[in-house]
$ cat run.txt   # compact mmCIF, C-alpha atoms
# COMPACT_ATOMS: atom_id res chain seq x y z
CA MET Q 1378 26.15 53.89 298.04
CA LEU Q 1379 26.34 53.45 294.27
CA ILE Q 1380 29.74 51.80 294.36
CA LYS Q 1381 28.42 48.26 294.74
CA TYR Q 1382 25.58 48.55 292.18
CA VAL Q 1383 27.11 50.13 289.08
CA SER Q 1384 30.22 49.73 286.95
CA LEU Q 1385 33.17 52.07 287.28
CA SER Q 1386 32.34 53.72 283.94
CA VAL Q 1387 28.75 54.48 285.05
CA LEU Q 1388 30.10 55.69 288.40
CA GLY Q 1389 32.37 58.04 286.49
CA ASP Q 1390 29.38 59.40 284.53
CA VAL Q 1391 27.49 59.88 287.80
CA THR Q 1392 30.47 61.77 289.21
CA ILE Q 1393 30.35 64.19 286.26
CA ALA Q 1394 26.55 64.53 286.63
CA LYS Q 1395 27.12 65.47 290.27
CA VAL Q 1396 29.29 68.34 289.09
CA TRP Q 1397 26.23 69.69 287.22
CA MET Q 1398 24.17 69.13 290.37
CA ARG Q 1399 26.74 70.99 292.43
CA LEU Q 1400 26.54 73.87 289.95
CA ILE Q 1401 22.84 74.27 290.82
CA ASP Q 1402 23.91 74.89 294.40
CA TYR Q 1403 25.23 78.24 293.15
CA SER Q 1404 22.08 79.22 291.29
CA HIS Q 1405 21.25 81.78 294.00
CA LEU Q 1406 24.03 84.02 292.56
CA GLY Q 1407 25.33 84.79 296.03
CA LEU Q 1408 22.00 85.84 297.57
CA ARG Q 1409 21.96 82.80 299.85
CA PHE Q 1410 25.11 84.16 301.48
CA SER Q 1411 23.32 87.46 302.04
CA VAL Q 1412 20.64 85.53 303.93
CA ASP Q 1413 23.38 84.41 306.33
CA ARG Q 1414 24.95 87.86 306.47
CA TYR Q 1415 21.92 90.14 306.88
CA CYS Q 1416 19.00 88.16 308.31
CA PRO Q 1417 20.48 88.02 311.86
CA ILE Q 1418 20.42 91.83 312.04
CA TRP Q 1419 17.39 92.69 309.87
CA THR Q 1420 13.68 93.01 310.59
CA GLU Q 1421 11.22 90.19 309.88
CA ARG Q 1422 9.79 91.94 306.80
CA GLN Q 1423 13.24 92.54 305.30
CA ARG Q 1424 14.25 88.94 305.99
CA ARG Q 1425 11.24 87.59 304.12
CA LEU Q 1426 11.82 89.90 301.18
CA LEU Q 1427 15.39 88.67 300.92
CA PHE Q 1428 14.25 85.03 301.21
CA VAL Q 1429 11.68 85.35 298.42
CA GLN Q 1430 14.16 87.18 296.20
CA THR Q 1431 16.72 84.40 296.72
CA ILE Q 1432 14.20 81.66 295.81
CA LEU Q 1433 13.13 83.48 292.64
CA VAL Q 1434 16.70 84.01 291.43
CA SER Q 1435 17.65 80.41 292.21
CA THR Q 1436 14.66 79.08 290.25
CA ILE Q 1437 15.39 81.17 287.15
CA VAL Q 1438 19.11 80.34 287.09
CA SER Q 1439 18.46 76.62 287.68
CA PHE Q 1440 16.19 76.56 284.64
CA ILE Q 1441 18.92 78.21 282.53
CA VAL Q 1442 21.51 75.67 283.72
CA LEU Q 1443 19.12 72.83 282.85
CA CYS Q 1444 18.74 74.18 279.30
CA ILE Q 1445 22.53 74.51 278.90
CA SER Q 1446 23.06 70.94 280.13
CA LEU Q 1447 20.60 69.64 277.54
CA LEU Q 1448 22.66 71.27 274.81
CA PHE Q 1449 26.18 70.32 275.90
CA SER Q 1450 26.04 67.14 278.00
CA ASP Q 1451 26.69 63.63 276.69
CA ASN Q 1452 24.27 61.90 279.03
CA ILE Q 1453 21.09 64.01 279.06
CA LEU Q 1454 19.07 61.70 281.34
CA PHE Q 1455 21.73 61.51 284.06
CA ASN Q 1456 22.43 65.22 284.09
CA SER Q 1457 18.77 66.32 283.91
CA LEU Q 1458 17.71 64.13 286.84
CA PHE Q 1459 20.66 65.20 288.96
CA ILE Q 1460 19.96 68.87 288.14
CA LEU Q 1461 16.31 68.51 289.21
CA PHE Q 1462 17.43 66.94 292.45
CA GLY Q 1463 20.06 69.66 292.84
CA TYR Q 1464 17.35 72.30 292.54
CA ALA Q 1465 15.32 70.64 295.31
CA VAL Q 1466 18.39 70.51 297.56
CA SER Q 1467 19.22 74.13 296.72
CA VAL Q 1468 15.76 75.39 297.70
CA PHE Q 1469 15.77 73.52 300.98
CA THR Q 1470 19.30 74.77 301.67
CA ILE Q 1471 18.09 78.35 301.25
CA LEU Q 1472 15.24 77.61 303.64
CA LYS Q 1473 17.62 75.98 306.12
CA ASN Q 1474 19.96 78.98 305.94
CA TYR Q 1475 17.02 81.29 306.54
CA PHE Q 1476 16.04 79.44 309.73
CA ARG Q 1477 19.70 79.29 310.76
CA ALA Q 1478 20.14 83.03 310.28
CA ILE Q 1479 17.11 83.92 312.42
CA ASN Q 1480 18.27 81.42 315.08
CA GLU Q 1481 15.33 79.04 314.60
CA GLN Q 1482 17.48 75.97 315.22
CA ASN Q 1483 14.62 73.49 315.63
CA LYS Q 1484 13.23 74.45 312.22
CA MET Q 1485 16.73 74.34 310.76
CA ILE Q 1486 17.19 70.77 312.02
CA LEU Q 1487 13.75 69.81 310.72
CA THR Q 1488 14.61 71.21 307.28
CA PHE Q 1489 17.90 69.28 307.29
CA PHE Q 1490 15.93 66.15 308.25
CA PHE Q 1491 13.69 66.46 305.17
CA VAL Q 1492 16.62 67.34 302.87
CA PRO Q 1493 19.05 65.65 302.63
CA PHE Q 1494 18.40 62.99 305.30
CA VAL Q 1495 14.99 61.68 304.17
CA PRO Q 1496 15.91 61.67 300.44
CA SER Q 1497 19.10 59.75 301.25
CA VAL Q 1498 17.09 57.09 303.11
CA ILE Q 1499 14.52 56.85 300.29
CA GLN Q 1500 17.23 56.60 297.65
CA THR Q 1501 19.03 53.88 299.60
CA PHE Q 1502 15.89 51.72 299.81
CA VAL Q 1503 14.99 52.33 296.16
CA LEU Q 1504 18.52 51.43 295.01
CA PHE Q 1505 18.63 48.30 297.20
CA PHE Q 1506 15.18 46.92 296.35
CA LEU Q 1507 14.42 48.30 292.86
CA GLY Q 1508 17.79 48.99 291.22
CA PHE Q 1509 19.77 51.87 289.78
CA ASP Q 1510 17.20 52.99 287.17
CA TYR Q 1511 14.50 53.53 289.79
CA TYR Q 1512 17.09 55.25 291.96
CA LEU Q 1513 17.48 57.85 289.22
CA TYR Q 1514 13.73 58.28 288.77
CA SER Q 1515 13.32 58.82 292.53
CA PHE Q 1516 14.90 62.22 291.89
CA ILE Q 1517 11.68 63.25 290.13
CA PHE Q 1518 9.64 62.37 293.21
CA LEU Q 1519 11.94 64.46 295.39
CA PHE Q 1520 11.74 67.36 292.93
CA VAL Q 1521 7.91 67.29 293.05
CA THR Q 1522 8.04 67.15 296.86
CA CYS Q 1523 10.20 70.29 296.78
CA LEU Q 1524 7.63 72.10 294.60
CA ILE Q 1525 4.81 71.13 296.99
CA ALA Q 1526 6.83 72.43 299.93
CA LEU Q 1527 7.48 75.70 298.09
CA MET Q 1528 3.78 76.12 297.35
CA TYR Q 1529 2.96 75.52 301.01
CA ILE Q 1530 5.46 78.14 302.13
CA CYS Q 1531 4.21 80.67 299.59
CA ILE Q 1532 0.52 80.14 300.39
CA PHE Q 1533 0.54 79.73 304.17
CA LYS Q 1534 3.74 81.30 305.48
CA PHE Q 1535 4.07 84.55 303.56
CA ASP Q 1536 1.60 87.35 303.04
CA PHE Q 1537 2.43 88.41 299.50
CA ARG Q 1538 0.07 91.36 299.72
CA SER Q 1539 2.84 93.18 301.60
CA PHE Q 1540 5.37 92.40 298.85
CA SER Q 1541 6.12 94.71 295.96
CA PHE Q 1542 8.70 95.00 293.23
CA ALA Q 1543 9.93 98.28 294.71
CA LYS Q 1544 10.59 96.67 298.10
CA ILE Q 1545 12.43 93.71 296.58
CA LYS Q 1546 14.44 96.11 294.40
CA TYR Q 1547 15.43 98.09 297.51
CA ILE Q 1548 16.59 94.92 299.28
CA PHE Q 1549 18.52 93.92 296.17
CA LYS Q 1550 20.35 97.25 296.11
CA ARG Q 1551 21.35 96.77 299.76
CA THR Q 1552 22.74 93.28 299.17
CA TYR Q 1553 23.90 93.05 295.55
CA LYS Q 1554 27.52 94.10 296.19
CA ASN Q 1555 28.14 91.56 298.95
CA SER Q 1556 26.10 88.94 297.10
CA SER Q 1557 28.03 89.46 293.87
CA LEU Q 1558 31.40 89.22 295.56
CA LEU Q 1559 30.40 86.13 297.53
CA PHE Q 1560 29.02 84.60 294.35
CA VAL Q 1561 32.36 85.09 292.60
CA ASN Q 1562 34.04 83.48 295.59
CA SER Q 1563 31.61 80.55 295.50
CA ILE Q 1564 32.27 80.00 291.77
CA LEU Q 1565 35.99 79.90 292.47
CA LEU Q 1566 35.39 77.37 295.27
CA PHE Q 1567 33.26 75.33 292.87
CA LEU Q 1568 36.12 75.30 290.36
CA ILE Q 1569 38.49 74.14 293.10
CA PHE Q 1570 35.96 71.41 293.94
CA ALA Q 1571 35.53 70.27 290.31
CA VAL Q 1572 38.89 70.80 288.64
CA ASP Q 1573 40.41 67.53 289.87
CA ARG Q 1574 37.56 65.45 288.44
CA VAL Q 1575 37.58 67.35 285.14
CA LEU Q 1576 41.35 66.97 284.71
CA LEU Q 1577 41.16 63.30 285.66
CA LYS Q 1578 38.36 62.73 283.14
CA PHE Q 1579 40.28 64.60 280.43
CA HIS Q 1580 43.59 62.78 280.95
CA THR Q 1581 42.30 59.30 281.85
CA ASP Q 1582 38.86 57.67 281.49
CA SER Q 1583 35.53 57.16 283.28
CA GLU Q 1584 36.80 54.10 285.15
CA THR Q 1585 39.64 56.07 286.74
CA VAL Q 1586 37.18 58.82 287.69
CA GLY Q 1587 35.02 56.06 289.19
CA GLU Q 1588 37.95 54.81 291.29
CA TYR Q 1589 38.63 58.38 292.41
CA SER Q 1590 34.99 58.76 293.45
CA ILE Q 1591 35.37 55.64 295.65
CA ILE Q 1592 38.39 57.22 297.32
CA LEU Q 1593 36.43 60.47 297.83
CA PHE Q 1594 33.48 58.69 299.46
CA GLY Q 1595 34.69 58.77 303.07
CA PHE Q 1596 36.14 62.27 302.71
CA THR Q 1597 32.86 63.66 301.33
CA LEU Q 1598 30.77 61.87 303.95
CA LEU Q 1599 32.84 63.12 306.89
CA LEU Q 1600 32.74 66.72 305.61
CA ILE Q 1601 29.08 66.76 306.65
CA VAL Q 1602 30.12 66.69 310.33
CA PRO Q 1603 32.19 69.91 310.67
CA ASN Q 1604 29.96 71.75 308.20
CA SER Q 1605 26.78 70.76 310.07
CA LEU Q 1606 28.19 71.47 313.54
CA SER Q 1607 29.45 74.91 312.56
CA GLU Q 1608 26.00 75.85 311.22
CA PHE Q 1609 24.68 76.03 314.78
CA PHE Q 1610 27.10 78.90 315.46
CA TYR Q 1611 26.54 81.00 312.33
CA SER Q 1612 23.91 83.35 313.71
CA LYS Q 1613 25.95 83.90 316.87
CA ILE Q 1614 29.10 84.55 314.82
CA ILE Q 1615 27.37 87.14 312.62
CA LEU Q 1616 25.87 88.99 315.58
CA ASN Q 1617 29.03 88.99 317.72
CA THR Q 1618 31.34 89.86 314.84
CA VAL Q 1619 29.19 92.75 313.60
CA LYS Q 1620 28.12 94.15 316.97
CA LYS Q 1621 31.04 93.25 319.27
CA ASN Q 1622 33.94 92.98 316.81
CA LYS Q 1623 34.74 89.46 318.01
CA PHE Q 1624 36.77 87.51 315.46
CA PHE Q 1625 38.02 84.33 317.15
CA TYR Q 1626 35.61 81.68 318.46
CA LYS Q 1627 37.91 79.29 320.29
CA LYS Q 1628 35.24 77.28 322.11
CA GLU Q 1629 33.19 76.68 318.99
CA MET Q 1630 36.23 75.71 316.90
CA LEU Q 1631 37.58 73.41 319.63
CA MET Q 1632 34.22 71.64 319.89
CA THR Q 1633 34.06 71.12 316.13
CA PHE Q 1634 37.71 70.08 315.96
CA LEU Q 1635 37.44 67.41 318.66
CA MET Q 1636 34.33 65.85 317.10
CA THR Q 1637 35.91 65.91 313.63
CA VAL Q 1638 39.18 64.31 314.76
CA PHE Q 1639 37.30 61.64 316.69
CA LEU Q 1640 35.25 60.67 313.64
CA VAL Q 1641 38.30 60.73 311.36
CA ILE Q 1642 40.05 58.26 313.68
CA VAL Q 1643 36.97 56.02 313.88
CA ALA Q 1644 36.49 56.09 310.10
CA SER Q 1645 40.16 55.31 309.54
CA LEU Q 1646 39.98 52.29 311.85
CA LEU Q 1647 36.76 51.01 310.29
CA SER Q 1648 37.69 51.56 306.64
CA PRO Q 1649 39.42 48.12 306.25
CA VAL Q 1650 36.21 46.47 307.46
CA PHE Q 1651 34.17 48.59 305.05
CA PHE Q 1652 36.32 47.54 302.10
CA SER Q 1653 36.35 43.87 303.05
CA LEU Q 1654 32.55 43.77 303.35
CA PHE Q 1655 31.46 45.97 300.45
CA LEU Q 1656 34.41 46.76 298.21
CA SER Q 1657 36.70 43.75 298.29
CA GLU Q 1658 37.25 44.04 294.52
CA HIS Q 1659 38.60 47.58 295.07
CA ALA Q 1660 40.85 46.77 298.04
CA ASN Q 1661 43.76 48.44 296.23
CA LEU Q 1662 42.07 51.82 296.88
CA SER Q 1663 41.91 51.35 300.67
CA ASP Q 1664 45.20 53.12 301.50
CA ASN Q 1665 44.31 56.24 299.51
CA PHE Q 1666 40.80 56.15 301.01
CA ARG Q 1667 42.21 56.26 304.56
CA LEU Q 1668 44.89 58.81 303.71
CA LEU Q 1669 42.37 61.28 302.29
CA LEU Q 1670 40.47 61.34 305.59
CA LEU Q 1671 43.24 63.62 306.92
CA GLY Q 1672 41.96 66.30 304.56
CA VAL Q 1673 38.76 66.60 306.61
CA ILE Q 1674 40.52 68.03 309.68
CA PRO Q 1675 40.98 71.64 308.43
CA TYR Q 1676 37.23 71.85 307.79
CA ALA Q 1677 36.71 71.89 311.55
CA PHE Q 1678 37.89 75.52 311.36
CA LEU Q 1679 37.25 76.70 307.79
CA PRO Q 1680 33.43 77.25 307.93
CA ILE Q 1681 33.65 79.30 311.13
CA LEU Q 1682 36.57 81.41 309.91
CA ASN Q 1683 34.80 81.94 306.59
CA GLN Q 1684 31.70 83.18 308.39
CA VAL Q 1685 33.81 85.64 310.41
CA LEU Q 1686 35.27 87.08 307.21
CA VAL Q 1687 31.79 87.30 305.65
CA ALA Q 1688 30.45 89.10 308.73
CA ALA Q 1689 33.37 91.54 308.52
CA ASP Q 1690 32.56 92.18 304.83
CA LYS Q 1691 35.95 90.91 303.67
CA GLU Q 1692 34.64 89.31 300.49
CA VAL Q 1693 37.50 90.70 298.39
CA LEU Q 1694 40.02 88.94 300.61
CA LEU Q 1695 38.05 85.72 300.25
CA ILE Q 1696 38.15 86.06 296.47
CA LYS Q 1697 41.90 86.67 296.46
CA SER Q 1698 42.52 83.62 298.62
CA ALA Q 1699 40.23 81.50 296.41
CA VAL Q 1700 42.09 82.60 293.25
CA LEU Q 1701 45.40 81.72 294.88
CA LEU Q 1702 44.05 78.33 295.95
CA LEU Q 1703 42.73 77.59 292.46
CA VAL Q 1704 46.09 78.45 290.87
CA ILE Q 1705 47.94 76.29 293.40
CA ASP Q 1706 45.45 73.47 292.87
CA ILE Q 1707 45.83 73.50 289.08
CA ILE Q 1708 49.65 73.68 289.26
CA PHE Q 1709 49.82 70.76 291.70
CA LEU Q 1710 47.37 68.64 289.69
CA MET Q 1711 49.14 69.32 286.40
CA CYS Q 1712 52.44 68.30 288.01
CA VAL Q 1713 50.81 65.05 289.14
CA VAL Q 1714 49.38 64.38 285.67
CA TYR Q 1715 52.59 65.05 283.71
CA VAL Q 1716 55.30 64.18 286.25
CA GLY Q 1717 53.82 61.82 288.83
CA SER Q 1718 53.83 58.05 288.44
CA ASP Q 1719 50.63 57.36 290.43
CA VAL Q 1720 47.93 59.81 289.35
CA LEU Q 1721 45.28 58.75 291.89
CA HIS Q 1722 47.67 58.95 294.84
CA GLY Q 1723 48.94 62.31 293.65
CA PHE Q 1724 45.42 63.70 293.39
CA VAL Q 1725 44.71 62.47 296.93
CA VAL Q 1726 47.82 64.22 298.28
CA VAL Q 1727 46.78 67.47 296.59
CA LYS Q 1728 43.27 67.07 298.03
CA ILE Q 1729 44.81 66.85 301.52
CA ILE Q 1730 47.29 69.70 301.16
CA LEU Q 1731 44.87 72.26 299.72
CA PRO Q 1732 42.51 72.68 302.75
CA PHE Q 1733 45.53 73.09 305.04
CA ILE Q 1734 46.80 75.90 302.80
CA ASN Q 1735 43.28 77.37 302.85
CA LEU Q 1736 43.26 77.22 306.66
CA GLY Q 1737 46.58 79.06 306.82
CA LEU Q 1738 45.25 81.82 304.55
CA TYR Q 1739 42.04 82.20 306.58
CA LEU Q 1740 43.92 82.38 309.89
CA PHE Q 1741 46.23 85.02 308.45
CA MET Q 1742 43.29 87.11 307.23
CA VAL Q 1743 41.30 86.82 310.47
CA LYS Q 1744 44.40 87.69 312.51
CA ARG Q 1745 44.66 90.96 310.56
CA LEU Q 1746 41.10 91.85 311.62
CA SER Q 1747 42.17 92.49 315.23
CA ASP Q 1748 42.06 96.29 314.77
CA TYR Q 1749 39.12 96.29 312.34
CA GLN Q 1750 35.78 97.87 313.28
CA CYS Q 1751 32.71 96.41 311.55
CA GLY Q 1752 30.75 99.19 309.91
CA GLU Q 1753 27.16 97.93 309.85
CA VAL Q 1754 25.51 97.30 313.21
CA ASP Q 1755 21.83 97.69 312.50
CA ALA Q 1756 19.51 96.78 309.69
CA VAL Q 1757 18.75 98.92 306.70
$ encode --input "run.txt" --output "structure tokens"
Amino acid sequence: MLIKYVSLSVLGDVTIAKVWMRLIDYSHLGLRFSVDRYCPIWTERQRRLLFVQTILVSTIVSFIVLCISLLFSDNILFNSLFILFGYAVSVFTILKNYFRAINEQNKMILTFFFVPFVPSVIQTFVLFFLGFDYYLYSFIFLFVTCLIALMYICIFKFDFRSFSFAKIKYIFKRTYKNSSLLFVNSILLFLIFAVDRVLLKFHTDSETVGEYSIILFGFTLLLIVPNSLSEFFYSKIILNTVKKNKFFYKKEMLMTFLMTVFLVIVASLLSPVFFSLFLSEHANLSDNFRLLLLGVIPYAFLPILNQVLVAADKEVLLIKSAVLLLVIDIIFLMCVVYVGSDVLHGFVVVKIILPFINLGLYLFMVKRLSDYQCGEVDAV
């Protein structure tokens, strides 16, 4: 969306600011993953305690990240606004995960509609009619909307008279191990997500990072499809994995795979039209743009397989695979930087290869679960 309205150098700065925003997505310190893991099998009171605890932790950590960004970032305005928006998205993501975990799919869809769909529409209109500066300031409006929504939830949806520090502490003790391990895994995944941009920024310039962000546009947009489709199965996966020791979900993965492949083909066919209409001055990036779409296909399976491993409490295996992926990613990218002749194309190839390696690791780990018996069936 920003490609047509800002220079490549500004687009590169925005790309770095989005890394800070993505960091806020991990401000829950792993507790959001515990919402997915435990809420399907816990009582209503325990679910709400875990939800409130997750919101509190996310708020405190987000404030700390904001303070750090003010000290170390080059562009304070960009990073601060993106961090505020990231906090709003993070809170609504926790709420969406909560509804998803308790199988309230209508509320989950409604939450997704308000964030990120409505903000995306608002930002598009603001950018088109008012310009880039007002686009940035629209983040403040969305942040205030998030605070109002939080106040509404706290006042009308939860009876805080039944809450106590002792109860929240008890819930924390029951979840901190899994949460901590999943948080470490999420940090590793964040590093895998960000390392290519950081290396590109370090070894080139903002304009090259801007070109890379153009190439990533279609890939990032299409990732929404498999990730969103798989969310409808999460509660079912947790329940069936924990209670029935079911580890492969062929129907769900096939459904997600077919939809993902269909959209990849459509996007690949339409990408020349997209470039000719909106990005004619960047037509040289079209081939890499189309090639990178292949990297979306493994994500038709990865979210579901990841949820199976989370339900089976195999967080340590997830961490080991993430470490291996990060090492492979860095080695490949460094080879591209110091040996390759076309850095952008090399980074695209690495971006495609990595999720396929990740898929192979996940399939290997899930296959080894065939004789595993999940330990926890009921709530605490």
$ closest_atom_pairs --input "run.txt" --of "range 1590-1641 of chain Q" --to "range 1552-1571 of chain Q" --cutoff "12 Å" --atoms "only C-alpha atoms" --output "tab-separated table"
residue	atom	partner	partner_atom	distance
Q:Ser1590	CA	Q:Ala1571	CA	11.9
Q:Leu1593	CA	Q:Phe1570	CA	11.6
Q:Thr1597	CA	Q:Phe1570	CA	11.1
$ atom_distance --input "run.txt" --atom1 "CA of Tyr1676 in chain Q" --atom2 "CA of Leu1654 in chain Q"
28.8 Å
$ atom_distance --input "run.txt" --atom1 "CA of Ala1677 in chain Q" --atom2 "CA of Leu1701 in chain Q"
21.2 Å
$ closest_residue --input "run.txt" --among "Q:Ile1460, Q:Phe1666, Q:Val1704, Q:Ala1689" --to "Asn1617 in chain Q" --atoms "only C-alpha atoms"
Q:Ala1689
$ residues_around --input "run.txt" --residues "Leu1519 in chain Q" --least-positions-apart "2" --cutoff "12 Å" --atoms "all atoms listed in the file" --output "CSV table (one decimal) with C-alpha atoms, in the coordinates of the input"
chain,number,residue,atom,x,y,z
Q,1458,LEU,CA,17.7,64.1,286.8
Q,1459,PHE,CA,20.7,65.2,289.0
Q,1460,ILE,CA,20.0,68.9,288.1
Q,1461,LEU,CA,16.3,68.5,289.2
Q,1462,PHE,CA,17.4,66.9,292.4
Q,1463,GLY,CA,20.1,69.7,292.8
Q,1464,TYR,CA,17.4,72.3,292.5
Q,1465,ALA,CA,15.3,70.6,295.3
Q,1466,VAL,CA,18.4,70.5,297.6
Q,1468,VAL,CA,15.8,75.4,297.7
Q,1469,PHE,CA,15.8,73.5,301.0
Q,1491,PHE,CA,13.7,66.5,305.2
Q,1492,VAL,CA,16.6,67.3,302.9
Q,1493,PRO,CA,19.0,65.6,302.6
Q,1494,PHE,CA,18.4,63.0,305.3
Q,1495,VAL,CA,15.0,61.7,304.2
Q,1496,PRO,CA,15.9,61.7,300.4
Q,1497,SER,CA,19.1,59.8,301.2
Q,1498,VAL,CA,17.1,57.1,303.1
Q,1499,ILE,CA,14.5,56.8,300.3
Q,1500,GLN,CA,17.2,56.6,297.6
Q,1512,TYR,CA,17.1,55.2,292.0
Q,1513,LEU,CA,17.5,57.8,289.2
Q,1514,TYR,CA,13.7,58.3,288.8
Q,1515,SER,CA,13.3,58.8,292.5
Q,1516,PHE,CA,14.9,62.2,291.9
Q,1517,ILE,CA,11.7,63.2,290.1
Q,1521,VAL,CA,7.9,67.3,293.0
Q,1522,THR,CA,8.0,67.2,296.9
Q,1523,CYS,CA,10.2,70.3,296.8
Q,1524,LEU,CA,7.6,72.1,294.6
Q,1525,ILE,CA,4.8,71.1,297.0
Q,1526,ALA,CA,6.8,72.4,299.9
$ atom_distance --input "run.txt" --atom1 "CA of Val1575 in chain Q" --atom2 "CA of Phe1724 in chain Q"
12.0 Å
$ residues_around --input "run.txt" --residues "Val1641 in chain Q" --least-positions-apart "4" --cutoff "8 Å" --atoms "all atoms listed in the file" --output "JSON, numbers by chain"
{"Q": [1599, 1637, 1645, 1670, 1671, 1673, 1674]}
$ closest_residue --input "run.txt" --among "Q:Val1685, Q:Val1693, Q:Val1442, Q:Leu1669" --to "Ile1730 in chain Q" --atoms "all atoms listed in the file"
Q:Leu1669
$ residues_near_point --input "run.txt" --point "(22.8, 90.9, 305.3)" --cutoff "9 Å" --atoms "only C-alpha atoms" --output "list of chain:residue names"
Q:Phe1410, Q:Ser1411, Q:Val1412, Q:Asp1413, Q:Arg1414, Q:Tyr1415, Q:Cys1416, Q:Pro1417, Q:Ile1418, Q:Trp1419, Q:Arg1424, Q:Leu1427, Q:Arg1551, Q:Thr1552, Q:Asn1555, Q:Ala1688, Q:Ala1756
$ residues_around --input "run.txt" --residues "Val1387 in chain Q" --least-positions-apart "4" --cutoff "9 Å" --atoms "only C-alpha atoms" --output "compact mmCIF listing (two decimals) with C-alpha atoms, in the frame of the given file"
# COMPACT_ATOMS: atom_id res chain seq x y z
CA VAL Q 1383 27.11 50.13 289.08
CA VAL Q 1391 27.49 59.88 287.80
CA THR Q 1392 30.47 61.77 289.21
CA SER Q 1583 35.53 57.16 283.28
CA GLU Q 1584 36.80 54.10 285.15
CA GLY Q 1587 35.02 56.06 289.19
